[in-house]
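A.B. asks: Sharing a structure, written as structure tokens. Questions coming.
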Amino acid sequence: MNKFEIRTQKKKTAVVNAALKLFKEKGFVHVSIKDIAAESGVSSVSLYNYFESKEGIVKECANVLMQTTLHMAEEIMKQDIDFKDKIIQIMDICADQDYQLLGSPGAVEDHVLSSLYSENTNKIRIQMLQELIELAKKEGAIHSSVSLETVLELLNAIGTIQLSWAKSGNYKVKMAEMNRLLLFGLIGNG
């Protein structure tokens, strides 16, 4: 990368970090491009040049969080541990990453933010889940007769429930319970 590209990347990173902080504190609707610019130290004009819109910033925030999640999940998949432990750890990481953006009252109640976030994370999330499910089937942890589509639909339904838990304040406890219930229901007694 040349110096211009390095500067541009640093500015984009500052914008994403500022946006994540502000969206979590206030929600999408109550944060303006001007707010993000002030928090990040990057001009509003540059924000529009880099991301085109506030929705573009949410898309990049979602991408950054999901890439981090994907990297962490890949590291866990490389470990020599039982598949059940791998998938519990990965699901906990996914819940924590979502909670980083959607875990505050301002963000949770903001349906625009949660919708944009979900739309922009689903592709990466589905790819990661498909790999996990296929590995689980190969290892015999998920019965081969259960279709990938059915598992993804079940996980999507749990994601909807997850959003309501973020409002309640006991999100992490509820997600841990759901993960264990879901996994041991699919995998067997554990």
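Following the order of the structure tokens, chains are lettered A, B, ..., residues in each are numbered from 1, and ligands are numbered from 1.
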Do you know which residues are at most 8 Å from region 35-41 of chain A counting only C-alpha atoms, after dropping those on the same chain fewer than 5 positions away, and could you put them as a PyMOL selection string?
C.D. replies: chain A and resi 11+14-15+17-19+22+47
A.B. asks: Got a sec: who's within 10 Å of Val64 (chain A), counting only C-alpha atoms, leaving out chain neighbours fewer than 6 positions off, as number ranges by chain?
C.D. replies: A: 13, 16-17, 58, 70, 121
A.B. asks: Can you work out which one of A:Gln162, A:Val151, A:Asn2, A:Ala136 has the shortest atom-to-atom distance to Lys84 (chain A), counting only C-alpha atoms?
C.D. replies: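 Nearest candidate to Lys84 (chain A) out of A:Gln162, A:Val151, A:Asn2, A:Ala136: A:Ala136.
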A.B. asks: Interatomic distance between CA of Lys26 (chain A) and CA of Lys172 (chain A)?
C.D. replies: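 Going from CA of Lys26 (chain A) over to CA of Lys172 (chain A), I get 20.9 Å.
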A.B. asks: From the options A:Glu25, A:Asp85, A:Glu5, A:Glu74, which residue's atoms come nearest to Tyr50 (chain A), counting only C-alpha atoms?
C.D. replies: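 Answer, going by the shortest atom-to-atom distance: A:Glu5.
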A.B. asks: If DSSP is run on the backbone, what residues of region 12-78 of chain A are alpha helix (DSSP H)? A reply as a ChimeraX atom specification would be ideal.
C.D. replies: /A:12-26,33-40,44-51,54-78
A.B. asks: Would you mind reading off the distance between CA of Tyr48 (chain A) and CA of Asn122 (chain A), one decimal, in Å?
C.D. replies: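 Those two atoms sit 24.5 Å apart.
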A.B. asks: I need the residue nearest Lys138 (chain A) from this list: A:Ala62, A:Met77, A:Phe83, A:Arg7. Use only C-alpha atoms for the distance.
C.D. replies: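 Using only C-alpha atoms, Lys138 (chain A) sits closest to A:Phe83.
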A.B. asks: Taking 3 positions as the minimum chain separation for residues in the same chain, which residues sit within 12 Å of region 142-148 of chain A when counting only C-alpha atoms? Answer as a list in words.
C.D. replies: Phe83, Lys84, Ile87, Ile126, Gln127, Leu129, Gln130, Glu131, Leu132, Ile133, Glu134, Leu135, Ala136, Lys137, Lys138, Glu139, Val151, Leu152, Glu153, Leu154, Leu155, Leu182, Leu183, Phe184, Gly185, Leu186, Ile187 and Gly188 of chain A
A.B. asks: How about saving the chosen residues, C-alpha atoms kept, as a compact mmCIF listing (two decimals), in the first residue's frame?
C.D. replies:
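result.txt, freshly written:
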# COMPACT_ATOMS: atom_id res chain seq x y z
CA PHE A 83 -16.88 -30.57 18.10
CA LYS A 84 -19.50 -29.67 20.71
CA ILE A 87 -19.51 -24.96 18.18
CA ILE A 126 -24.50 -18.29 6.47
CA GLN A 127 -21.17 -19.16 4.86
CA LEU A 129 -22.62 -21.79 9.49
CA GLN A 130 -22.66 -23.93 6.34
CA GLU A 131 -19.05 -24.90 6.94
CA LEU A 132 -19.77 -25.72 10.59
CA ILE A 133 -22.86 -27.75 9.75
CA GLU A 134 -21.07 -29.74 7.06
CA LEU A 135 -18.21 -30.46 9.47
CA ALA A 136 -20.72 -31.48 12.13
CA LYS A 137 -22.37 -33.89 9.73
CA LYS A 138 -19.00 -35.40 8.76
CA GLU A 139 -18.11 -35.86 12.42
CA VAL A 151 -30.74 -25.84 10.48
CA LEU A 152 -30.29 -22.35 8.97
CA GLU A 153 -34.02 -21.60 9.42
CA LEU A 154 -33.84 -22.66 13.06
CA LEU A 155 -30.77 -20.49 13.65
CA LEU A 182 -30.07 -25.94 20.76
CA LEU A 183 -26.81 -27.84 20.54
CA PHE A 184 -27.59 -30.62 22.89
CA GLY A 185 -30.98 -30.96 21.25
CA LEU A 186 -29.30 -31.39 17.87
CA ILE A 187 -26.24 -33.28 19.00
CA GLY A 188 -27.56 -35.34 21.89
A.B. asks: Go ahead and compute the interatomic distance for CA of Asp92 (chain A) and CA of Gly159 (chain A), in Å to one decimal.
C.D. replies: 12.7 Å
